[in-house]
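*Asks:* Contents of model.txt (compact mmCIF, C-alpha atoms) are below:
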```
# COMPACT_ATOMS: atom_id res chain seq x y z
CA MET A 1 -103.58 -55.96 35.37
CA THR A 2 -107.31 -56.66 34.95
CA ASN A 3 -108.90 -55.11 31.89
CA PRO A 4 -111.45 -52.39 32.85
CA PHE A 5 -114.18 -54.27 30.97
CA LEU A 6 -113.58 -57.49 32.90
CA LYS A 7 -113.27 -55.57 36.15
CA LEU A 8 -116.62 -53.82 35.72
CA LEU A 9 -118.31 -57.01 34.54
CA GLY A 10 -116.97 -58.81 37.60
CA GLU A 11 -118.33 -56.09 39.87
CA LYS A 12 -121.79 -55.77 38.29
CA GLY A 13 -122.42 -59.24 36.86
CA THR A 14 -124.42 -57.80 33.95
CA LEU A 15 -123.50 -54.82 31.79
CA LEU A 16 -125.85 -52.71 29.71
CA ALA A 17 -124.25 -51.91 26.37
CA ASP A 18 -125.34 -49.18 23.98
CA GLY A 19 -127.80 -49.10 21.10
CA ALA A 20 -127.62 -48.22 17.41
CA THR A 21 -124.91 -46.15 15.81
CA GLY A 22 -126.24 -45.71 12.27
CA THR A 23 -129.87 -45.13 13.26
CA ASN A 24 -128.89 -42.39 15.69
CA LEU A 25 -126.46 -40.72 13.26
CA PHE A 26 -129.05 -40.72 10.47
CA ASN A 27 -131.34 -38.87 12.87
CA MET A 28 -128.53 -36.31 13.29
CA GLY A 29 -128.27 -35.72 9.55
CA LEU A 30 -125.95 -38.40 8.20
CA MET A 31 -126.93 -39.19 4.62
CA SER A 32 -127.26 -42.68 3.16
CA GLY A 33 -124.01 -43.66 1.47
CA ASP A 34 -121.86 -41.36 3.61
CA ALA A 35 -119.08 -42.82 5.74
CA PRO A 36 -120.06 -42.31 9.41
CA GLU A 37 -116.40 -42.52 10.43
CA LEU A 38 -115.60 -39.24 8.66
CA TRP A 39 -117.81 -37.51 11.21
CA ASN A 40 -115.20 -38.29 13.87
CA THR A 41 -113.21 -35.37 12.51
CA ASP A 42 -115.89 -33.45 10.59
CA GLU A 43 -118.65 -33.51 13.23
CA PRO A 44 -116.99 -34.46 16.54
CA GLN A 45 -119.72 -32.85 18.66
CA LYS A 46 -122.33 -35.08 17.05
CA ILE A 47 -120.23 -38.16 17.78
CA LYS A 48 -119.83 -36.98 21.35
CA SER A 49 -123.63 -36.57 21.52
CA LEU A 50 -124.04 -40.12 20.18
CA TYR A 51 -121.88 -41.53 22.96
CA LYS A 52 -123.45 -39.36 25.66
CA GLY A 53 -126.91 -40.47 24.60
CA ALA A 54 -126.05 -44.02 25.61
CA VAL A 55 -124.21 -43.05 28.79
CA ASP A 56 -126.97 -40.72 29.94
CA ALA A 57 -129.50 -43.50 29.34
CA GLY A 58 -127.58 -45.78 31.70
CA SER A 59 -125.25 -47.79 29.48
CA ASP A 60 -122.15 -49.25 31.12
CA LEU A 61 -120.45 -49.62 27.76
CA PHE A 62 -120.64 -47.90 24.38
CA LEU A 63 -119.13 -48.65 20.99
CA THR A 64 -117.02 -46.14 19.11
CA ASN A 65 -117.99 -44.75 15.70
CA SER A 66 -115.43 -46.90 13.90
CA PHE A 67 -117.41 -49.84 12.51
CA GLY A 68 -116.22 -49.15 8.97
CA ALA A 69 -112.81 -47.72 9.87
CA ASN A 70 -110.80 -50.17 7.84
CA ALA A 71 -108.90 -49.78 4.58
CA SER A 72 -111.26 -51.97 2.59
CA ARG A 73 -114.35 -49.92 3.43
CA LEU A 74 -112.79 -46.47 3.57
CA LYS A 75 -111.25 -46.84 0.11
CA LEU A 76 -114.81 -46.48 -1.21
CA HIS A 77 -114.67 -42.90 0.12
CA GLY A 78 -111.06 -42.17 -0.82
CA ALA A 79 -110.07 -42.32 2.84
CA GLU A 80 -108.15 -45.59 3.04
CA LYS A 81 -105.06 -43.72 4.28
CA ARG A 82 -107.00 -42.36 7.27
CA VAL A 83 -107.87 -45.66 9.00
CA HIS A 84 -105.58 -45.21 11.99
CA GLU A 85 -106.52 -41.55 12.42
CA LEU A 86 -110.28 -42.08 12.24
CA ALA A 87 -110.17 -45.08 14.58
CA ARG A 88 -107.98 -43.19 17.03
CA VAL A 89 -110.19 -40.10 17.07
CA SER A 90 -113.34 -42.19 17.55
CA ALA A 91 -111.79 -43.62 20.71
CA GLU A 92 -110.41 -40.28 21.90
CA ILE A 93 -113.89 -38.75 21.80
CA GLY A 94 -115.19 -41.81 23.63
CA ARG A 95 -112.48 -41.55 26.23
CA GLU A 96 -113.50 -37.95 26.98
CA VAL A 97 -117.15 -38.95 27.41
CA ALA A 98 -116.34 -41.96 29.60
CA ASP A 99 -113.87 -40.09 31.79
CA THR A 100 -116.41 -37.35 32.57
CA ALA A 101 -119.37 -39.69 33.16
CA GLY A 102 -119.03 -39.71 36.95
CA ARG A 103 -119.01 -43.52 37.02
CA ASP A 104 -117.15 -46.36 35.36
CA VAL A 105 -118.03 -46.60 31.65
CA ILE A 106 -116.24 -48.78 29.11
CA VAL A 107 -115.10 -47.49 25.72
CA ALA A 108 -115.39 -50.38 23.27
CA GLY A 109 -113.61 -49.90 19.95
CA SER A 110 -116.00 -51.06 17.23
CA VAL A 111 -114.51 -53.08 14.37
CA GLY A 112 -116.80 -54.29 11.61
CA PRO A 113 -116.24 -56.67 8.70
CA THR A 114 -114.03 -55.76 5.75
CA GLY A 115 -116.93 -56.13 3.32
CA GLU A 116 -114.90 -58.58 1.26
CA ILE A 117 -115.05 -62.37 0.94
CA MET A 118 -112.02 -64.24 2.18
CA GLU A 119 -110.14 -67.01 0.41
CA PRO A 120 -110.77 -69.65 -0.79
CA VAL A 121 -114.28 -68.48 -1.76
CA GLY A 122 -113.24 -64.87 -2.33
CA THR A 123 -110.01 -62.99 -2.97
CA LEU A 124 -109.12 -61.50 0.44
CA SER A 125 -106.12 -63.35 1.86
CA HIS A 126 -105.68 -64.14 5.53
CA SER A 127 -102.51 -62.07 5.79
CA LEU A 128 -104.10 -58.98 4.25
CA ALA A 129 -107.20 -59.34 6.47
CA VAL A 130 -104.97 -59.53 9.54
CA GLU A 131 -103.18 -56.37 8.41
CA ILE A 132 -106.52 -54.58 7.89
CA PHE A 133 -107.78 -55.51 11.36
CA HIS A 134 -104.43 -54.79 13.00
CA GLU A 135 -104.40 -51.23 11.65
CA ALA A 136 -107.91 -50.54 12.96
CA ALA A 137 -107.20 -52.12 16.35
CA ASP A 138 -103.96 -50.18 16.74
CA GLY A 139 -105.75 -46.90 16.10
CA LEU A 140 -108.42 -47.72 18.65
CA LYS A 141 -105.82 -48.64 21.24
CA ALA A 142 -103.91 -45.41 20.58
CA GLY A 143 -107.11 -43.45 21.17
CA GLY A 144 -107.74 -45.02 24.56
CA ALA A 145 -110.31 -47.75 23.91
CA ASP A 146 -110.64 -50.10 26.88
CA ILE A 147 -111.43 -53.06 24.65
CA GLY A 148 -111.78 -53.91 20.97
CA TRP A 149 -115.25 -54.94 19.84
CA LEU A 150 -115.60 -57.01 16.69
CA GLU A 151 -119.19 -57.12 15.41
CA THR A 152 -121.48 -58.28 12.61
CA ILE A 153 -119.08 -60.95 11.35
CA SER A 154 -120.37 -63.84 9.21
CA ALA A 155 -117.30 -65.89 8.25
CA PRO A 156 -115.12 -67.85 10.68
CA GLU A 157 -112.05 -67.00 8.58
CA GLU A 158 -112.67 -63.29 9.11
CA TYR A 159 -113.28 -63.76 12.84
CA ARG A 160 -109.95 -65.60 13.16
CA ALA A 161 -108.12 -62.95 11.13
CA ALA A 162 -109.51 -60.23 13.40
CA ALA A 163 -108.41 -62.22 16.45
CA GLU A 164 -104.85 -62.17 15.14
CA GLY A 165 -105.09 -58.46 14.37
CA PHE A 166 -106.22 -57.62 17.91
CA MET A 167 -103.40 -59.78 19.30
CA LEU A 168 -100.80 -57.95 17.22
CA ALA A 169 -102.16 -54.62 18.48
CA GLY A 170 -102.11 -55.84 22.08
CA LEU A 171 -105.78 -54.95 22.51
CA THR A 172 -108.09 -57.11 24.61
CA TRP A 173 -111.23 -57.79 22.60
CA ALA A 174 -114.73 -59.21 22.43
CA GLY A 175 -116.44 -60.37 19.27
CA THR A 176 -119.93 -61.00 17.95
CA MET A 177 -121.35 -62.53 14.79
CA SER A 178 -124.66 -61.88 13.07
CA PHE A 179 -127.04 -64.85 12.79
CA ASP A 180 -129.40 -63.59 10.14
CA THR A 181 -129.99 -66.58 7.86
CA ALA A 182 -132.43 -69.02 9.47
CA GLY A 183 -130.41 -69.09 12.68
CA ARG A 184 -127.06 -69.20 10.91
CA THR A 185 -124.60 -66.54 9.83
CA MET A 186 -124.56 -65.64 6.16
CA MET A 187 -121.62 -68.03 5.75
CA GLY A 188 -123.47 -70.88 7.46
CA LEU A 189 -122.27 -70.94 11.09
CA THR A 190 -124.66 -71.98 13.85
CA SER A 191 -124.49 -70.84 17.45
CA ALA A 192 -122.83 -74.15 18.37
CA ASP A 193 -120.27 -73.67 15.58
CA MET A 194 -119.33 -70.27 16.93
CA VAL A 195 -118.77 -71.53 20.47
CA LYS A 196 -116.46 -74.25 19.16
CA MET A 197 -114.56 -71.75 17.01
CA VAL A 198 -114.08 -69.37 19.95
CA ASP A 199 -113.04 -72.14 22.32
CA ASP A 200 -110.54 -73.47 19.76
CA LEU A 201 -108.71 -70.15 19.39
CA ASP A 202 -105.26 -69.89 20.90
CA ALA A 203 -105.40 -68.30 24.35
CA ALA A 204 -103.32 -65.33 23.17
CA GLN A 205 -105.85 -64.55 20.45
CA ALA A 206 -109.16 -65.52 22.05
CA PRO A 207 -111.84 -62.93 22.89
CA VAL A 208 -112.75 -62.33 26.52
CA ALA A 209 -116.46 -62.40 25.57
CA PHE A 210 -118.44 -63.48 22.53
CA GLY A 211 -121.99 -63.42 21.26
CA ALA A 212 -124.44 -62.19 18.67
CA ASN A 213 -125.52 -58.82 17.33
CA CYS A 214 -127.93 -57.46 14.74
CA GLY A 215 -129.61 -60.31 12.83
CA THR A 216 -133.34 -60.26 12.17
CA GLY A 217 -135.01 -59.40 15.47
CA ALA A 218 -134.97 -59.77 19.24
CA SER A 219 -136.71 -63.15 19.23
CA ASP A 220 -134.21 -64.76 16.87
CA LEU A 221 -131.30 -63.30 18.79
CA LEU A 222 -132.52 -64.79 22.08
CA ARG A 223 -132.84 -68.18 20.45
CA THR A 224 -129.19 -67.85 19.41
CA ILE A 225 -128.20 -66.88 22.96
CA LEU A 226 -129.91 -70.01 24.24
CA GLY A 227 -127.86 -71.93 21.68
CA PHE A 228 -124.65 -70.44 23.06
CA SER A 229 -125.61 -71.22 26.64
CA ALA A 230 -126.40 -74.83 25.77
CA GLN A 231 -122.75 -75.37 24.81
CA GLY A 232 -121.52 -74.61 28.32
CA SER A 233 -118.78 -72.13 27.42
CA GLU A 234 -117.32 -70.29 30.41
CA LYS A 235 -116.84 -67.01 28.51
CA PRO A 236 -119.30 -64.15 29.05
CA ILE A 237 -122.01 -63.95 26.37
CA ILE A 238 -123.02 -60.79 24.50
CA ALA A 239 -126.56 -60.11 23.27
CA LYS A 240 -127.06 -57.05 21.08
CA GLY A 241 -130.33 -57.40 19.21
CA ASN A 242 -132.20 -55.09 16.87
CA ALA A 243 -135.15 -53.09 18.15
CA GLY A 244 -137.79 -55.15 16.42
CA ILE A 245 -138.13 -55.80 12.72
CA PRO A 246 -137.10 -53.26 10.05
CA LYS A 247 -139.84 -51.82 7.85
CA TYR A 248 -139.60 -49.33 5.00
CA VAL A 249 -141.81 -46.35 5.86
CA ASP A 250 -141.91 -43.05 3.96
CA GLY A 251 -138.50 -43.57 2.42
CA HIS A 252 -136.79 -44.59 5.65
CA ILE A 253 -136.07 -47.79 7.53
CA HIS A 254 -138.11 -47.93 10.73
CA TYR A 255 -137.73 -50.54 13.48
CA ASP A 256 -140.97 -51.51 15.17
CA GLY A 257 -139.66 -52.52 18.60
CA THR A 258 -141.02 -50.34 21.40
CA PRO A 259 -138.99 -49.39 24.48
CA GLU A 260 -141.24 -51.73 26.49
CA LEU A 261 -140.47 -54.62 24.14
CA MET A 262 -136.74 -53.99 24.46
CA ALA A 263 -137.08 -53.92 28.24
CA ASP A 264 -138.63 -57.40 28.08
CA TYR A 265 -135.87 -58.48 25.72
CA ALA A 266 -133.16 -57.29 28.13
CA VAL A 267 -134.55 -59.22 31.09
CA MET A 268 -135.06 -62.33 28.97
CA ALA A 269 -131.56 -62.05 27.47
CA ARG A 270 -130.06 -62.15 30.94
CA ALA A 271 -132.20 -65.17 31.80
CA CYS A 272 -130.99 -66.86 28.59
CA GLY A 273 -127.40 -66.50 29.79
CA ALA A 274 -126.23 -63.16 28.40
CA HIS A 275 -123.89 -61.04 30.51
CA ILE A 276 -123.53 -58.01 28.25
CA ILE A 277 -126.86 -56.82 26.88
CA GLY A 278 -127.51 -54.00 24.46
CA GLY A 279 -129.36 -53.08 21.32
CA CYS A 280 -128.35 -52.85 17.69
CA CYS A 281 -130.19 -51.30 14.74
CA GLY A 282 -133.11 -49.09 15.72
CA THR A 283 -132.20 -48.95 19.41
CA MET A 284 -132.43 -45.39 20.68
CA PRO A 285 -131.65 -43.84 24.09
CA GLU A 286 -135.30 -44.21 25.10
CA HIS A 287 -135.05 -47.96 24.51
CA LEU A 288 -131.87 -48.05 26.62
CA ARG A 289 -133.52 -46.20 29.50
CA HIS A 290 -136.25 -48.82 29.65
CA MET A 291 -133.69 -51.61 29.39
CA ARG A 292 -131.67 -50.09 32.24
CA GLU A 293 -134.70 -49.86 34.49
CA ALA A 294 -135.80 -53.40 33.64
CA LEU A 295 -132.39 -54.90 34.37
CA ASP A 296 -132.21 -53.01 37.67
CA THR A 297 -135.72 -53.81 38.91
CA ARG A 298 -136.89 -57.07 37.32
CA THR A 299 -135.78 -60.68 37.48
CA MET A 300 -136.52 -63.87 35.61
CA ALA A 301 -135.61 -67.02 37.50
CA HIS A 302 -135.33 -69.41 34.56
CA PRO A 303 -134.47 -69.17 30.86
CA PRO A 304 -137.64 -68.46 28.88
CA ALA A 305 -139.16 -71.25 26.82
CA LEU A 306 -139.36 -70.65 23.08
CA GLU A 307 -143.13 -70.19 23.37
CA GLU A 308 -142.62 -67.41 25.91
CA ILE A 309 -140.10 -65.63 23.68
CA VAL A 310 -142.64 -65.67 20.86
CA ASP A 311 -145.44 -64.52 23.14
CA ARG A 312 -143.46 -61.59 24.53
CA LEU A 313 -141.29 -60.51 21.59
CA GLY A 314 -142.92 -61.89 18.45
CA ALA A 315 -142.42 -64.78 16.04
CA PHE A 316 -139.12 -66.21 14.95
CA SER A 317 -138.20 -65.55 11.33
CA SER A 318 -137.52 -69.24 10.70
CA GLN A 319 -138.79 -72.51 12.10
CA HIS A 320 -135.36 -73.74 13.16
CA ASP A 321 -132.27 -72.08 14.59
CA GLY A 322 -129.87 -73.82 12.22
CA THR A 323 -128.84 -76.59 14.58
CA GLY A 324 -131.62 -78.96 13.53
CA GLU A 325 -132.58 -79.48 17.14
CA ASN A 326 -135.54 -77.31 17.95
CA ALA A 327 -138.65 -76.67 15.95
CA THR A 328 -140.02 -73.33 17.07
CA PRO A 329 -143.43 -71.71 17.25
CA ALA A 330 -144.15 -69.29 14.44
CA ARG A 331 -147.27 -67.55 15.65
CA ARG A 332 -147.21 -63.99 16.90
CA THR A 333 -149.34 -63.24 19.93
CA SER A 334 -147.74 -60.35 21.74
CA ARG A 335 -150.03 -57.37 22.19
CA ARG A 336 -146.98 -55.14 22.55
CA ARG A 337 -145.63 -56.39 19.25
CA ARG A 338 -148.85 -55.66 17.38
CA ALA A 339 -149.08 -52.20 18.89
CA ALA A 340 -145.51 -51.39 17.83
CA GLY A 341 -145.98 -51.83 14.10
```
Translate this file's structure into structure tokens.

*Replies:*
Amino acid sequence: MTNPFLKLLGEKGTLLADGATGTNLFNMGLMSGDAPELWNTDEPQKIKSLYKGAVDAGSDLFLTNSFGANASRLKLHGAEKRVHELARVSAEIGREVADTAGRDVIVAGSVGPTGEIMEPVGTLSHSLAVEIFHEAADGLKAGGADIGWLETISAPEEYRAAAEGFMLAGLTWAGTMSFDTAGRTMMGLTSADMVKMVDDLDAAQAPVAFGANCGTGASDLLRTILGFSAQGSEKPIIAKGNAGIPKYVDGHIHYDGTPELMADYAVMARACGAHIIGGCCGTMPEHLRHMREALDTRTMAHPPALEEIVDRLGAFSSQHDGTGENATPARRTSRRRRAAG
């Protein structure tokens, strides 16, 4: 039986994912240092509102409020025994929103990193990491998630452990990494390295789609997507970039990307080879509405050149993308970008 995610992707060709979780929840009253996952049971209507914000803006897919629903992270809040429950409830609320949307919408069960460093550099063993991811994935499956969604991973060892955890839970999954260190993940992977890692996974454990999320800005993320496409992988590619660059303003983190900039980003991401396109930090429903309209009404015949990415979205944060292949322009010329700051 075809997974609902793959079915909808096959029908539409391109899917619009959702935007930020944390940014939106902070706007609803979540305090810094609080565990967002506890709101699944403490503030379910707010979580429902989070999901509906994306769906009402036109998203085909939204992530559940379960990024930190694993034993390693929840133990910081004394809730390590509630992993399965909190993951399950996050998906149950999502299932209700998707099933009443009046169209096909995918519930993607968000799974973030453990927050620990794996052996041999750190102390987290492969077997314990697999157990941590398995518990989260099983809860999401029990709650009705259509697909598991690994995100913001830096280490290949953690990505592979999550793959095994999803397999044990019997949950189809997709997985992204964050390329936030001069075109590499924090643990040193390039876009080319990730494609090889994904392609080398056993078929029973491999994700059905892969890509990049978060990072430093929309420009850098598109450069990474171009890096994926250059490797010729047949798997669908995910692009989920931040809404501009974070800035600290009046005690809060503010992202400077306008809805118009994110609309440009969405069209360019598709031209770069992405099949699932969304936003990450700072991306609000208004950004998503512009992205939806742009994907539905605009085309770009060829992948943008690096100069065009800079001109439309702003400068890259580093001269190279980590592969050593392409020097990149560093100037910032976009009028939209300047106006957004």

*Asks:* Which residue is closest to Lys52 in chain A? Choose from A:Thr100, A:Thr176, A:Ser32, A:Ser219 and count all atoms listed in the file.

*Replies:* A:Thr100

*Asks:* At a cut-off of 7 Å, using all atoms listed in the file, what residues contact His287 in chain A? Leave out same-chain residues fewer than 4 positions from it and give the result as an MDAnalysis selection string.

*Replies:* chainID A and resid 259 262 283 291

*Asks:* Tell me which of A:Ile245, A:Met167, A:Leu226, A:Leu63 sits closest to Val195 in chain A, counting all atoms listed in the file.

*Replies:*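 Closest candidate: A:Leu226.
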
*Asks:* For each of A:Ala212, A:Met197, A:Ala182, A:Leu9, take the minimum atom-to-atom distance to Glu157 in chain A, counting only C-alpha atoms, then give the residue where this is smallest.

*Replies:* A:Met197

*Asks:* Counting only C-alpha atoms, what is within 12 Å of Ala203 in chain A, bar same-chain residues fewer than 4 positions away, as a PyMOL selection string?

*Replies:* chain A and resi 163-164+167+172+198-199+207-208

*Asks:* Would you mind putting back N, CA, C and O atoms on range 83-106 of chain A, then writing it out as a short mmCIF file (atom, residue, chain, number, x, y, z; two decimals), in the frame of the given file?

*Replies:*
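Okay, this is what ended up in part29.cif:
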```
data_model
loop_
_atom_site.label_atom_id
_atom_site.label_comp_id
_atom_site.auth_asym_id
_atom_site.auth_seq_id
_atom_site.Cartn_x
_atom_site.Cartn_y
_atom_site.Cartn_z
N VAL A 83 -107.33 -44.64 8.08
CA VAL A 83 -107.87 -45.66 9.00
C VAL A 83 -107.42 -45.42 10.43
O VAL A 83 -108.24 -45.32 11.35
N HIS A 84 -106.11 -45.34 10.63
CA HIS A 84 -105.58 -45.21 11.99
C HIS A 84 -106.08 -43.93 12.65
O HIS A 84 -106.51 -43.92 13.81
N GLU A 85 -106.08 -42.84 11.89
CA GLU A 85 -106.52 -41.55 12.42
C GLU A 85 -107.99 -41.60 12.84
O GLU A 85 -108.35 -41.18 13.96
N LEU A 86 -108.84 -42.09 11.96
CA LEU A 86 -110.28 -42.08 12.24
C LEU A 86 -110.63 -43.03 13.38
O LEU A 86 -111.51 -42.72 14.20
N ALA A 87 -109.95 -44.16 13.46
CA ALA A 87 -110.17 -45.08 14.58
C ALA A 87 -109.70 -44.45 15.88
O ALA A 87 -110.39 -44.50 16.90
N ARG A 88 -108.53 -43.83 15.83
CA ARG A 88 -107.98 -43.19 17.03
C ARG A 88 -108.89 -42.08 17.54
O ARG A 88 -109.20 -42.01 18.74
N VAL A 89 -109.35 -41.22 16.65
CA VAL A 89 -110.19 -40.10 17.07
C VAL A 89 -111.53 -40.59 17.62
O VAL A 89 -112.06 -40.03 18.60
N SER A 90 -112.08 -41.66 17.03
CA SER A 90 -113.34 -42.19 17.55
C SER A 90 -113.20 -42.61 19.01
O SER A 90 -114.11 -42.41 19.82
N ALA A 91 -112.04 -43.19 19.34
CA ALA A 91 -111.79 -43.62 20.71
C ALA A 91 -111.45 -42.45 21.62
O ALA A 91 -111.83 -42.43 22.80
N GLU A 92 -110.74 -41.46 21.09
CA GLU A 92 -110.41 -40.28 21.90
C GLU A 92 -111.67 -39.54 22.35
O GLU A 92 -111.77 -39.11 23.51
N ILE A 93 -112.62 -39.39 21.43
CA ILE A 93 -113.89 -38.75 21.80
C ILE A 93 -114.60 -39.60 22.85
O ILE A 93 -115.14 -39.08 23.83
N GLY A 94 -114.58 -40.91 22.65
CA GLY A 94 -115.19 -41.81 23.63
C GLY A 94 -114.52 -41.73 24.98
O GLY A 94 -115.20 -41.77 26.02
N ARG A 95 -113.21 -41.63 24.97
CA ARG A 95 -112.48 -41.55 26.23
C ARG A 95 -112.89 -40.31 27.03
O ARG A 95 -113.07 -40.36 28.25
N GLU A 96 -113.07 -39.19 26.32
CA GLU A 96 -113.50 -37.95 26.98
C GLU A 96 -114.88 -38.12 27.61
O GLU A 96 -115.11 -37.71 28.76
N VAL A 97 -115.80 -38.74 26.89
CA VAL A 97 -117.15 -38.95 27.41
C VAL A 97 -117.12 -39.89 28.61
O VAL A 97 -117.75 -39.62 29.65
N ALA A 98 -116.39 -40.99 28.51
CA ALA A 98 -116.34 -41.96 29.60
C ALA A 98 -115.68 -41.37 30.85
O ALA A 98 -116.14 -41.60 31.98
N ASP A 99 -114.62 -40.61 30.65
CA ASP A 99 -113.87 -40.09 31.79
C ASP A 99 -114.60 -38.97 32.52
O ASP A 99 -114.22 -38.61 33.64
N THR A 100 -115.63 -38.41 31.91
CA THR A 100 -116.41 -37.35 32.57
C THR A 100 -117.81 -37.83 32.93
O THR A 100 -118.67 -37.01 33.26
N ALA A 101 -118.04 -39.14 32.91
CA ALA A 101 -119.37 -39.69 33.16
C ALA A 101 -119.73 -39.73 34.64
O ALA A 101 -120.91 -39.86 34.98
N GLY A 102 -118.75 -39.64 35.52
CA GLY A 102 -119.03 -39.71 36.95
C GLY A 102 -119.20 -41.12 37.47
O GLY A 102 -119.55 -41.32 38.64
N ARG A 103 -118.97 -42.11 36.64
CA ARG A 103 -119.01 -43.52 37.02
C ARG A 103 -118.18 -44.29 36.02
O ARG A 103 -117.73 -43.73 35.01
N ASP A 104 -117.95 -45.56 36.28
CA ASP A 104 -117.15 -46.36 35.36
C ASP A 104 -117.95 -46.69 34.10
O ASP A 104 -119.03 -47.29 34.17
N VAL A 105 -117.42 -46.31 32.96
CA VAL A 105 -118.03 -46.60 31.65
C VAL A 105 -116.92 -47.11 30.73
O VAL A 105 -115.82 -46.55 30.70
N ILE A 106 -117.22 -48.14 29.98
CA ILE A 106 -116.24 -48.78 29.11
C ILE A 106 -116.34 -48.25 27.69
O ILE A 106 -117.43 -48.18 27.11
#
```
